[in-house]
Each structure stands twice: as structure tokens, then as C-alpha cells.
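Engineer: Please find work-v5.cif (mmCIF, C-alpha atoms) on the next line:
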```
data_input
#
loop_
_atom_site.group_PDB
_atom_site.id
_atom_site.type_symbol
_atom_site.label_atom_id
_atom_site.label_comp_id
_atom_site.auth_asym_id
_atom_site.auth_seq_id
_atom_site.Cartn_x
_atom_site.Cartn_y
_atom_site.Cartn_z
ATOM 1 C CA MET A 16 -15.288 -2.381 -36.476
ATOM 2 C CA GLN A 17 -15.399 0.136 -33.653
ATOM 3 C CA VAL A 18 -12.864 2.969 -33.277
ATOM 4 C CA ILE A 19 -12.125 3.951 -29.680
ATOM 5 C CA ARG A 20 -10.465 7.251 -28.813
ATOM 6 C CA THR A 21 -10.120 7.279 -25.023
ATOM 7 C CA ALA A 22 -8.380 5.047 -22.505
ATOM 8 C CA ALA A 23 -11.482 5.059 -20.301
ATOM 9 C CA GLU A 24 -13.721 3.765 -23.099
ATOM 10 C CA MET A 25 -11.128 1.189 -24.155
ATOM 11 C CA ARG A 26 -10.930 -0.163 -20.617
ATOM 12 C CA GLU A 27 -14.729 -0.263 -20.361
ATOM 13 C CA VAL A 28 -15.073 -2.114 -23.661
ATOM 14 C CA ARG A 29 -12.282 -4.500 -22.653
ATOM 15 C CA ARG A 30 -14.162 -5.464 -19.488
ATOM 16 C CA GLY A 31 -17.029 -6.687 -21.666
ATOM 17 C CA MET A 32 -14.881 -8.843 -23.950
ATOM 18 C CA THR A 33 -14.929 -12.616 -23.640
ATOM 19 C CA GLY A 34 -12.399 -15.125 -24.888
ATOM 20 C CA SER A 35 -8.841 -14.373 -25.947
ATOM 21 C CA VAL A 36 -7.910 -10.826 -26.961
ATOM 22 C CA GLY A 37 -5.139 -10.216 -29.500
ATOM 23 C CA LEU A 38 -3.352 -6.909 -30.082
ATOM 24 C CA VAL A 39 -1.584 -5.593 -33.175
ATOM 25 C CA ALA A 40 0.148 -2.357 -32.135
ATOM 26 C CA THR A 41 1.137 0.112 -34.878
ATOM 27 C CA LEU A 42 2.399 3.637 -35.432
ATOM 28 C CA GLY A 43 0.195 3.882 -38.526
ATOM 29 C CA GLY A 44 1.319 3.790 -42.132
ATOM 30 C CA ILE A 45 -0.196 0.314 -42.435
ATOM 31 C CA HIS A 46 1.456 -1.905 -45.055
ATOM 32 C CA ILE A 47 1.690 -5.610 -45.830
ATOM 33 C CA GLY A 48 4.096 -6.094 -42.951
ATOM 34 C CA HIS A 49 1.397 -4.957 -40.516
ATOM 35 C CA THR A 50 -1.377 -6.904 -42.208
ATOM 36 C CA ALA A 51 0.742 -10.051 -41.879
ATOM 37 C CA HIS A 52 0.387 -9.575 -38.111
ATOM 38 C CA MET A 53 -3.392 -9.302 -38.435
ATOM 39 C CA ASN A 54 -3.561 -12.393 -40.622
ATOM 40 C CA VAL A 55 -1.605 -14.426 -38.054
ATOM 41 C CA LEU A 56 -3.438 -13.148 -34.985
ATOM 42 C CA ARG A 57 -7.022 -13.045 -36.300
ATOM 43 C CA PRO A 58 -7.599 -16.831 -36.271
ATOM 44 C CA MET A 59 -5.826 -17.110 -32.900
ATOM 45 C CA SER A 60 -8.037 -14.539 -31.143
ATOM 46 C CA ASP A 61 -11.693 -14.301 -30.244
ATOM 47 C CA VAL A 62 -11.349 -10.511 -30.309
ATOM 48 C CA LEU A 63 -8.764 -8.663 -32.408
ATOM 49 C CA VAL A 64 -7.737 -5.173 -31.322
ATOM 50 C CA GLY A 65 -5.477 -2.870 -33.302
ATOM 51 C CA SER A 66 -3.822 0.253 -32.009
ATOM 52 C CA LEU A 67 -3.038 3.302 -34.085
ATOM 53 C CA PHE A 68 -0.772 5.770 -32.290
ATOM 54 C CA LEU A 69 2.181 7.706 -33.664
ATOM 55 C CA ASN A 70 4.153 7.799 -30.444
ATOM 56 C CA PRO A 71 6.288 10.965 -30.165
ATOM 57 C CA THR A 72 8.401 9.713 -27.259
ATOM 58 C CA GLN A 73 10.215 7.126 -29.400
ATOM 59 C CA PHE A 74 11.386 9.709 -31.948
ATOM 60 C CA GLY A 75 14.485 11.838 -31.398
ATOM 61 C CA ASP A 76 14.744 15.581 -32.055
ATOM 62 C CA ASN A 77 16.221 15.086 -35.519
ATOM 63 C CA GLU A 78 14.070 12.110 -36.546
ATOM 64 C CA ASP A 79 11.123 11.817 -38.888
ATOM 65 C CA LEU A 80 8.017 12.155 -36.673
ATOM 66 C CA SER A 81 6.499 14.982 -38.717
ATOM 67 C CA LYS A 82 7.085 13.130 -42.001
ATOM 68 C CA TYR A 83 6.013 9.662 -40.894
ATOM 69 C CA PRO A 84 3.669 8.297 -43.596
ATOM 70 C CA ALA A 85 0.531 7.649 -41.550
ATOM 71 C CA ASN A 86 -2.966 8.204 -42.983
ATOM 72 C CA GLU A 87 -5.697 7.421 -40.479
ATOM 73 C CA ASP A 88 -8.531 6.797 -42.945
ATOM 74 C CA ALA A 89 -6.392 4.425 -45.020
ATOM 75 C CA ASP A 90 -5.018 2.734 -41.900
ATOM 76 C CA LEU A 91 -8.488 2.153 -40.427
ATOM 77 C CA ALA A 92 -9.654 0.710 -43.748
ATOM 78 C CA GLU A 93 -6.806 -1.828 -43.639
ATOM 79 C CA PHE A 94 -7.633 -2.827 -40.077
ATOM 80 C CA GLU A 95 -11.277 -3.377 -41.031
ATOM 81 C CA LYS A 96 -10.370 -5.257 -44.210
ATOM 82 C CA HIS A 97 -8.330 -7.729 -42.162
ATOM 83 C CA GLY A 98 -10.998 -8.514 -39.604
ATOM 84 C CA THR A 99 -10.114 -6.220 -36.712
ATOM 85 C CA ASP A 100 -12.930 -5.777 -34.179
ATOM 86 C CA TYR A 101 -11.696 -2.648 -32.409
ATOM 87 C CA VAL A 102 -9.054 -0.012 -33.105
ATOM 88 C CA PHE A 103 -7.722 2.067 -30.241
ATOM 89 C CA ALA A 104 -6.682 5.388 -31.826
ATOM 90 C CA PRO A 105 -5.925 7.862 -29.035
ATOM 91 C CA SER A 106 -4.468 11.364 -29.162
ATOM 92 C CA VAL A 107 -1.103 12.201 -27.626
ATOM 93 C CA GLY A 108 -2.920 13.924 -24.776
ATOM 94 C CA GLU A 109 -4.947 10.802 -24.121
ATOM 95 C CA MET A 110 -1.874 8.589 -23.944
ATOM 96 C CA TYR A 111 0.168 11.055 -21.902
ATOM 97 C CA PRO A 112 -2.413 13.123 -19.960
ATOM 98 C CA ASP A 113 -1.271 16.035 -17.831
ATOM 99 C CA ASP A 114 -3.366 14.842 -14.890
ATOM 100 C CA GLU A 115 -1.975 11.299 -14.844
ATOM 101 C CA ASP A 116 1.509 10.161 -13.941
ATOM 102 C CA VAL A 117 2.441 7.804 -16.785
ATOM 103 C CA PRO A 118 5.530 5.934 -15.576
ATOM 104 C CA GLN A 119 8.590 5.858 -17.794
ATOM 105 C CA ILE A 120 9.550 2.224 -18.224
ATOM 106 C CA ASP A 121 13.139 1.013 -18.123
ATOM 107 C CA PRO A 122 13.679 -0.951 -21.368
ATOM 108 C CA GLY A 123 16.263 -3.133 -19.668
ATOM 109 C CA PRO A 124 19.780 -4.316 -20.518
ATOM 110 C CA TYR A 125 19.099 -5.130 -24.180
ATOM 111 C CA ALA A 126 18.495 -1.438 -24.912
ATOM 112 C CA LYS A 127 22.082 -0.375 -24.257
ATOM 113 C CA LEU A 128 23.541 -1.551 -27.588
ATOM 114 C CA LEU A 129 23.083 -1.014 -31.351
ATOM 115 C CA ASP A 130 19.925 1.093 -31.854
ATOM 116 C CA GLY A 131 20.010 1.963 -28.173
ATOM 117 C CA VAL A 132 23.312 3.772 -28.822
ATOM 118 C CA ARG A 133 22.346 5.243 -32.192
ATOM 119 C CA ARG A 134 18.902 6.433 -31.076
ATOM 120 C CA PRO A 135 19.216 7.643 -27.462
ATOM 121 C CA GLY A 136 15.902 7.448 -25.627
ATOM 122 C CA HIS A 137 14.183 5.514 -28.413
ATOM 123 C CA PHE A 138 13.729 2.295 -26.496
ATOM 124 C CA ASP A 139 12.626 4.186 -23.371
ATOM 125 C CA GLY A 140 9.801 5.579 -25.479
ATOM 126 C CA VAL A 141 8.995 2.164 -26.959
ATOM 127 C CA ALA A 142 8.885 0.422 -23.573
ATOM 128 C CA THR A 143 6.785 3.199 -22.048
ATOM 129 C CA VAL A 144 4.174 3.292 -24.816
ATOM 130 C CA VAL A 145 3.925 -0.493 -25.112
ATOM 131 C CA ASN A 146 3.483 -0.812 -21.357
ATOM 132 C CA ARG A 147 0.797 1.891 -21.539
ATOM 133 C CA LEU A 148 -1.009 0.061 -24.353
ATOM 134 C CA PHE A 149 -0.787 -3.218 -22.455
ATOM 135 C CA SER A 150 -2.216 -1.595 -19.312
ATOM 136 C CA ILE A 151 -5.163 -0.086 -21.215
ATOM 137 C CA ILE A 152 -6.008 -2.976 -23.574
ATOM 138 C CA SER A 153 -4.933 -5.959 -21.420
ATOM 139 C CA PRO A 154 -4.325 -8.306 -24.349
ATOM 140 C CA ASP A 155 -3.785 -12.022 -23.960
ATOM 141 C CA LYS A 156 -1.622 -12.093 -27.096
ATOM 142 C CA ALA A 157 0.339 -9.463 -29.016
ATOM 143 C CA THR A 158 2.456 -9.614 -32.158
ATOM 144 C CA PHE A 159 5.757 -7.850 -32.780
ATOM 145 C CA GLY A 160 7.978 -8.111 -35.837
ATOM 146 C CA GLU A 161 11.339 -9.837 -36.139
ATOM 147 C CA LYS A 162 12.507 -7.048 -38.471
ATOM 148 C CA ASP A 163 12.801 -4.963 -35.296
ATOM 149 C CA ALA A 164 14.591 -7.792 -33.513
ATOM 150 C CA GLN A 165 16.093 -5.687 -30.738
ATOM 151 C CA GLN A 166 12.728 -4.050 -30.043
ATOM 152 C CA LEU A 167 11.082 -7.481 -29.958
ATOM 153 C CA ARG A 168 13.612 -8.661 -27.368
ATOM 154 C CA ILE A 169 12.994 -5.561 -25.243
ATOM 155 C CA ILE A 170 9.241 -6.139 -25.302
ATOM 156 C CA GLN A 171 9.778 -9.768 -24.309
ATOM 157 C CA TYR A 172 11.907 -8.498 -21.409
ATOM 158 C CA LEU A 173 9.210 -5.975 -20.458
ATOM 159 C CA ASN A 174 6.576 -8.699 -20.455
ATOM 160 C CA ASP A 175 8.694 -11.122 -18.409
ATOM 161 C CA SER A 176 10.195 -8.644 -15.937
ATOM 162 C CA ARG A 177 6.817 -7.091 -15.105
ATOM 163 C CA GLY A 178 5.015 -10.433 -14.967
ATOM 164 C CA LEU A 179 2.404 -9.360 -17.510
ATOM 165 C CA GLY A 180 1.777 -12.882 -18.781
ATOM 166 C CA ILE A 181 1.077 -11.827 -22.369
ATOM 167 C CA ASP A 182 1.875 -14.276 -25.170
ATOM 168 C CA ILE A 183 4.325 -12.284 -27.325
ATOM 169 C CA ILE A 184 4.186 -13.714 -30.848
ATOM 170 C CA PRO A 185 7.107 -12.911 -33.190
ATOM 171 C CA ILE A 186 6.176 -12.291 -36.825
ATOM 172 C CA ALA A 187 8.735 -13.069 -39.523
ATOM 173 C CA THR A 188 10.082 -10.185 -41.587
ATOM 174 C CA VAL A 189 7.974 -9.521 -44.666
ATOM 175 C CA ARG A 190 10.045 -8.773 -47.759
ATOM 176 C CA GLU A 191 9.559 -7.369 -51.221
ATOM 177 C CA ASP A 192 10.395 -9.639 -54.173
ATOM 178 C CA ASP A 193 13.977 -8.294 -54.261
ATOM 179 C CA GLY A 194 14.523 -8.939 -50.559
ATOM 180 C CA LEU A 195 14.051 -5.432 -49.170
ATOM 181 C CA ALA A 196 12.299 -5.606 -45.810
ATOM 182 C CA VAL A 197 8.897 -3.929 -45.946
ATOM 183 C CA SER A 198 8.908 -0.688 -43.958
ATOM 184 C CA SER A 199 6.892 2.518 -43.802
ATOM 185 C CA ARG A 200 10.150 4.377 -44.308
ATOM 186 C CA ASN A 201 10.682 2.801 -47.729
ATOM 187 C CA THR A 202 8.326 5.494 -49.046
ATOM 188 C CA TYR A 203 11.102 8.052 -48.436
ATOM 189 C CA LEU A 204 13.307 6.411 -51.086
ATOM 190 C CA SER A 205 13.695 7.767 -54.611
ATOM 191 C CA PRO A 206 13.774 5.147 -57.402
ATOM 192 C CA GLU A 207 17.583 5.210 -57.374
ATOM 193 C CA GLU A 208 17.688 4.930 -53.587
ATOM 194 C CA ARG A 209 15.098 2.148 -53.649
ATOM 195 C CA GLU A 210 17.403 0.123 -55.900
ATOM 196 C CA ALA A 211 20.360 0.896 -53.645
ATOM 197 C CA ALA A 212 18.427 -0.285 -50.604
ATOM 198 C CA THR A 213 18.561 -3.883 -51.814
ATOM 199 C CA ILE A 214 22.183 -3.881 -50.639
ATOM 200 C CA LEU A 215 21.037 -4.610 -47.062
ATOM 201 C CA PHE A 216 19.528 -7.969 -47.893
ATOM 202 C CA LYS A 217 22.420 -8.784 -50.230
ATOM 203 C CA ALA A 218 24.893 -8.190 -47.384
ATOM 204 C CA LEU A 219 22.862 -10.274 -44.940
ATOM 205 C CA THR A 220 22.574 -13.071 -47.496
ATOM 206 C CA VAL A 221 26.345 -13.162 -48.039
ATOM 207 C CA ALA A 222 26.899 -13.463 -44.284
ATOM 208 C CA LYS A 223 24.242 -16.170 -44.025
ATOM 209 C CA LEU A 224 25.764 -18.190 -46.882
ATOM 210 C CA SER A 225 29.204 -17.924 -45.281
ATOM 211 C CA PHE A 226 27.826 -19.022 -41.912
ATOM 212 C CA ASP A 227 26.039 -21.952 -43.547
ATOM 213 C CA SER A 228 29.351 -22.918 -45.152
ATOM 214 C CA GLY A 229 31.024 -23.111 -41.732
ATOM 215 C CA GLU A 230 32.360 -19.618 -40.966
ATOM 216 C CA ARG A 231 32.082 -18.916 -37.234
ATOM 217 C CA SER A 232 34.341 -15.895 -36.693
ATOM 218 C CA GLY A 233 32.327 -12.850 -35.701
ATOM 219 C CA GLU A 234 35.046 -10.585 -37.046
ATOM 220 C CA VAL A 235 35.031 -12.283 -40.450
ATOM 221 C CA LEU A 236 31.234 -12.235 -40.692
ATOM 222 C CA ARG A 237 31.113 -8.535 -39.772
ATOM 223 C CA PHE A 238 33.795 -7.835 -42.381
ATOM 224 C CA MET A 239 31.654 -9.573 -44.991
ATOM 225 C CA LEU A 240 28.648 -7.431 -44.105
ATOM 226 C CA SER A 241 30.708 -4.244 -44.263
ATOM 227 C CA SER A 242 32.443 -5.231 -47.493
ATOM 228 C CA VAL A 243 29.183 -5.786 -49.355
ATOM 229 C CA LEU A 244 27.704 -2.538 -48.033
ATOM 230 C CA ALA A 245 30.849 -0.657 -49.080
ATOM 231 C CA GLY A 246 29.992 -1.516 -52.669
ATOM 232 C CA GLU A 247 26.955 0.793 -52.584
ATOM 233 C CA SER A 248 27.922 4.485 -52.680
ATOM 234 C CA LEU A 249 24.503 5.644 -51.421
ATOM 235 C CA ALA A 250 24.696 3.507 -48.289
ATOM 236 C CA GLU A 251 25.854 5.193 -45.069
ATOM 237 C CA VAL A 252 26.439 2.401 -42.572
ATOM 238 C CA GLU A 253 25.603 2.989 -38.914
ATOM 239 C CA TYR A 254 26.386 -0.529 -37.780
ATOM 240 C CA ALA A 255 26.978 -4.021 -39.126
ATOM 241 C CA SER A 256 26.667 -6.471 -36.256
ATOM 242 C CA ILE A 257 27.052 -10.166 -35.525
ATOM 243 C CA ALA A 258 25.397 -10.394 -32.142
ATOM 244 C CA ASP A 259 24.141 -12.833 -29.548
ATOM 245 C CA VAL A 260 20.483 -13.655 -30.242
ATOM 246 C CA ASP A 261 19.451 -12.949 -26.641
ATOM 247 C CA THR A 262 21.765 -10.203 -25.346
ATOM 248 C CA PHE A 263 22.664 -8.418 -28.623
ATOM 249 C CA GLU A 264 26.296 -8.268 -27.517
ATOM 250 C CA GLU A 265 28.870 -8.623 -30.299
ATOM 251 C CA LEU A 266 30.276 -12.120 -30.720
ATOM 252 C CA ASP A 267 33.904 -12.974 -31.371
ATOM 253 C CA TYR A 268 32.927 -16.547 -32.172
ATOM 254 C CA VAL A 269 29.508 -18.008 -33.019
ATOM 255 C CA GLU A 270 29.064 -21.301 -31.208
ATOM 256 C CA HIS A 271 25.480 -22.124 -32.119
ATOM 257 C CA SER A 272 23.588 -19.152 -33.509
ATOM 258 C CA ALA A 273 23.796 -15.390 -33.932
ATOM 259 C CA ARG A 274 21.891 -12.527 -35.466
ATOM 260 C CA ALA A 275 23.335 -10.413 -38.251
ATOM 261 C CA LEU A 276 21.934 -6.889 -37.894
ATOM 262 C CA LEU A 277 22.278 -3.762 -40.026
ATOM 263 C CA ALA A 278 21.346 -0.109 -39.749
ATOM 264 C CA VAL A 279 21.988 1.884 -42.917
ATOM 265 C CA LYS A 280 20.997 5.355 -44.063
ATOM 266 C CA ILE A 281 20.105 5.777 -47.725
ATOM 267 C CA GLY A 282 18.959 9.250 -48.624
ATOM 268 C CA ASN A 283 16.417 10.360 -46.023
ATOM 269 C CA ALA A 284 15.590 6.820 -44.944
ATOM 270 C CA ARG A 285 17.155 4.996 -42.043
ATOM 271 C CA LEU A 286 16.730 1.283 -42.753
ATOM 272 C CA ILE A 287 17.261 -1.647 -40.421
ATOM 273 C CA ASP A 288 17.254 -5.352 -41.209
ATOM 274 C CA ASN A 289 18.559 -8.619 -39.816
ATOM 275 C CA LEU A 290 18.855 -12.338 -40.422
ATOM 276 C CA LEU A 291 19.167 -15.170 -37.964
ATOM 277 C CA LEU A 292 22.315 -17.263 -38.429
ATOM 278 C CA ALA A 293 21.504 -20.735 -37.193
#
```
Show me this structure written as C-alpha cells.

Structural biologist:
Amino acid sequence: MQVIRTAAEMREVRRGMTGSVGLVATLGGIHIGHTAHMNVLRPMSDVLVGSLFLNPTQFGDNEDLSKYPANEDADLAEFEKHGTDYVFAPSVGEMYPDDEDVPQIDPGPYAKLLDGVRRPGHFDGVATVVNRLFSIISPDKATFGEKDAQQLRIIQYLNDSRGLGIDIIPIATVREDDGLAVSSRNTYLSPEEREAATILFKALTVAKLSFDSGERSGEVLRFMLSSVLAGESLAEVEYASIADVDTFEELDYVEHSARALLAVKIGNARLIDNLLLA
């Protein structure tokens, strides 16, 4: 496995690649959620590229950039263990050089709701860095997780609206045995908070069971989410949503399908999760 530090070298190496090139983009803090991406993409790609870049532009002033649990040596070892051929691991100055005008990318209409409201500027940073990675690495395929469903939709919009032609492959949410979605931020949780965090999946499961039993009122389904979450004193709810699967607008009535989405703070961790209702 080769580690590449500069955009110029990455572009030069990319020109010499043959066959299909797959990309797994990460902030670091590699866990089994990330390696699931590698396991899916490795057999689909002639060349597998990982990226390792803790992007400051997608973190707000009061967010956890300085505490984010990334360890480069451990992260590189995981990439190599899972068959990655190249890892692009640039510095902030390399990604956002003073002598180059890196365009800020509009994340589109799907960024104006939910996390787009709660984390102003977050999706601008996501769209900008992903576009930058795409322009440097030029992948044929790239994976993004369904746990970050709104982000996935924004990246699909970025790919389509800019005519990039990349095959965006969604990866199903990876969960612990008790249902908690795997996340780098789970490391912030104390044992008591870790137990409390299972309330997210419990709430989503209640909504899913109700939907499967015939409930179609968005208001009722949102009330179910909120009611379950209210039973956990450590949970500070930011939103409990029943939204359109494409636009992320709240639904009064679910005709065919919807996505139940949650953002909840527990201790120092902000956790998000979702389930498709279909």
C-alpha cells in the first residue's frame, strides 16, 4: 500500500491506473463501519483508494474537531489490512492551498433541512471537500454510508448536478449487537451514556413496527419517536423526523415510503441514526 501526501502526486499516480478505481473517503478514526465500505468496494474495483483527511470546514466553531478520535498509524493499518492499494492522506494546506482557489460547492436543496439547520455550514464543507477529493482522485466508484442519509443524498446531488458520472454506492448502516449505529463519536460515551444511546435504535424500531402495522400519519410516527426518546433522561433530542426519502421534507402522510431520522445528544456525543420505512 502506498501513502500519498500531495494532490500533484495523487493526480500523477491516478493517470497511471488502469481499470476501475474505487474510493472510500474517511475523516479517520477507522472502525468496522468504514471497513464495511472497503469490503464491499474491494472486489468491485481494480484499484482501491482510501482517503484520510479530517476536514476542518465541515466542523462548526463549537464542534469536536480537536477531539475527533483519529489515529493515522492505526487508520493506515486498517486500510492496508482490507486490501487498499493507495491512501491519499493530505494536510489541510494541501487540500486548501493559499495559492489555489478551491471553489466552495453549493450542497443543494437537500442541505436546507434537519442537519443543515442544526449544523450551519456543515454540508457546505462536506460538498466542497468531497468535490475536491473527486477532482483529485477521479474515482469511478465511491461509497457513502446510509447512516448519514442526508449527506449521502447531498453527494448524490453533487454527482448528478455536476455531471461527474461517478457510481455512488450506498452502504447499509453497520450496528453493534444492541442496535447502536457504529460511529467514531461513540468513543465519547461513558458506560452509562453508552447504554442510554441504545434509545435511538429503540425509537426507530418502534416507528418501523408501527409503520409496518399500517400507520401512515407523519405526526403519529414522529410522536412515537419522541415518546420513546423522552423515556431516556440522558437524551437531548435535536430532531425526530419522518421525512421524504428524496427531499428530506417532513411528511404529513406517508404514501409509499419515508425515512425516520434522529439527532440526539448524549453527554458529549451528538448521535444521528435513521431507518427506512418502506

Engineer: Take the PyMOL selection byres ((chain A and resi 254) around 8), run it mentally on this structure, and tell me the resulting residues as a list in words.

Structural biologist: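 Expected selection for the PyMOL selection byres ((chain A and resi 254) around 8) here is Leu129, Val252, Glu253, Ala255, Ser256, Leu276, Leu277, Ala278 and Val279 of chain A.
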
Engineer: What lies within 12 Å of A:Arg285 using all atoms listed in the file, ignoring chain neighbours under 6 positions off, as a list in words?

Structural biologist: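 Contacts, with the query itself left out: Glu78, Asp79, Asp130, Arg133, Arg134, Ser198, Ser199, Arg200, Asn201, Thr202, Tyr203, Leu204, Glu208, Ala212, Leu215, Leu249, Ala250, Glu251, Val252, Glu253, Tyr254, Leu277, Ala278 and Val279 of chain A.
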
Engineer: Quick one: which residues end up in the PyMOL selection byres ((chain A and resi 25) around 12) for this structure, as a ChimeraX atom specification?

Structural biologist: /A:17-24,26-32,64-66,101-105,109-110,148-154

Engineer: Written as a ChimeraX atom specification, which residues does the PyMOL selection byres ((chain A and resi 216) around 9) give for the file shown?

Structural biologist: /A:193-196,212-215,217-221,288-290

Engineer: Out of A:Pro71, A:Gly246, A:Gly43, A:Gly180, which residue has the shortest atom-to-atom distance to A:Val144 when counting only C-alpha atoms?

Structural biologist: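 Among the listed residues, the smallest separation from A:Val144 belongs to A:Pro71.
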
Engineer: Counting all atoms listed in the file, what is within 12 Å of A:Gly44, bar same-chain residues fewer than 2 positions away, as a PDB file with C-alpha atoms, keeping the file's coordinate frame?

Structural biologist:
```pdb
ATOM      1  CA  ALA A  40       0.148  -2.357 -32.135  1.00  0.00           C
ATOM      2  CA  THR A  41       1.137   0.112 -34.878  1.00  0.00           C
ATOM      3  CA  LEU A  42       2.399   3.637 -35.432  1.00  0.00           C
ATOM      4  CA  HIS A  46       1.456  -1.905 -45.055  1.00  0.00           C
ATOM      5  CA  ILE A  47       1.690  -5.610 -45.830  1.00  0.00           C
ATOM      6  CA  GLY A  48       4.096  -6.094 -42.951  1.00  0.00           C
ATOM      7  CA  HIS A  49       1.397  -4.957 -40.516  1.00  0.00           C
ATOM      8  CA  THR A  50      -1.377  -6.904 -42.208  1.00  0.00           C
ATOM      9  CA  SER A  66      -3.822   0.253 -32.009  1.00  0.00           C
ATOM     10  CA  LEU A  67      -3.038   3.302 -34.085  1.00  0.00           C
ATOM     11  CA  PHE A  68      -0.772   5.770 -32.290  1.00  0.00           C
ATOM     12  CA  LEU A  69       2.181   7.706 -33.664  1.00  0.00           C
ATOM     13  CA  LYS A  82       7.085  13.130 -42.001  1.00  0.00           C
ATOM     14  CA  TYR A  83       6.013   9.662 -40.894  1.00  0.00           C
ATOM     15  CA  PRO A  84       3.669   8.297 -43.596  1.00  0.00           C
ATOM     16  CA  ALA A  85       0.531   7.649 -41.550  1.00  0.00           C
ATOM     17  CA  ASN A  86      -2.966   8.204 -42.983  1.00  0.00           C
ATOM     18  CA  GLU A  87      -5.697   7.421 -40.479  1.00  0.00           C
ATOM     19  CA  ASP A  88      -8.531   6.797 -42.945  1.00  0.00           C
ATOM     20  CA  ALA A  89      -6.392   4.425 -45.020  1.00  0.00           C
ATOM     21  CA  ASP A  90      -5.018   2.734 -41.900  1.00  0.00           C
ATOM     22  CA  LEU A  91      -8.488   2.153 -40.427  1.00  0.00           C
ATOM     23  CA  ALA A  92      -9.654   0.710 -43.748  1.00  0.00           C
ATOM     24  CA  GLU A  93      -6.806  -1.828 -43.639  1.00  0.00           C
ATOM     25  CA  PHE A  94      -7.633  -2.827 -40.077  1.00  0.00           C
ATOM     26  CA  VAL A 197       8.897  -3.929 -45.946  1.00  0.00           C
ATOM     27  CA  SER A 198       8.908  -0.688 -43.958  1.00  0.00           C
ATOM     28  CA  SER A 199       6.892   2.518 -43.802  1.00  0.00           C
ATOM     29  CA  ARG A 200      10.150   4.377 -44.308  1.00  0.00           C
ATOM     30  CA  ASN A 201      10.682   2.801 -47.729  1.00  0.00           C
ATOM     31  CA  THR A 202       8.326   5.494 -49.046  1.00  0.00           C
TER      32      THR A 202
END
```

Engineer: In Å to one decimal, how far is atom CA of A:Arg147 from atom CA of A:Ile181?

Structural biologist: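 Separation between atom CA of A:Ile181 and atom CA of A:Arg147: 13.7 Å.
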
Engineer: What separation in Å, quoted to one decimal, exists between atom CA of A:Pro124 and atom CA of A:Asn174?

Structural biologist: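 Straight-line distance from atom CA of A:Pro124 to atom CA of A:Asn174 works out to 13.9 Å.
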
Engineer: Out of A:Arg231, A:Arg168, A:Arg209, A:Arg190, which residue has the shortest atom-to-atom distance to A:Val260 when counting only C-alpha atoms?

Structural biologist: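 Of the candidates, the smallest distance to A:Val260 is held by A:Arg168.
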
Engineer: How many Å separate atom CA of A:Glu95 from atom CA of A:Leu286?

Structural biologist: 28.4 Å
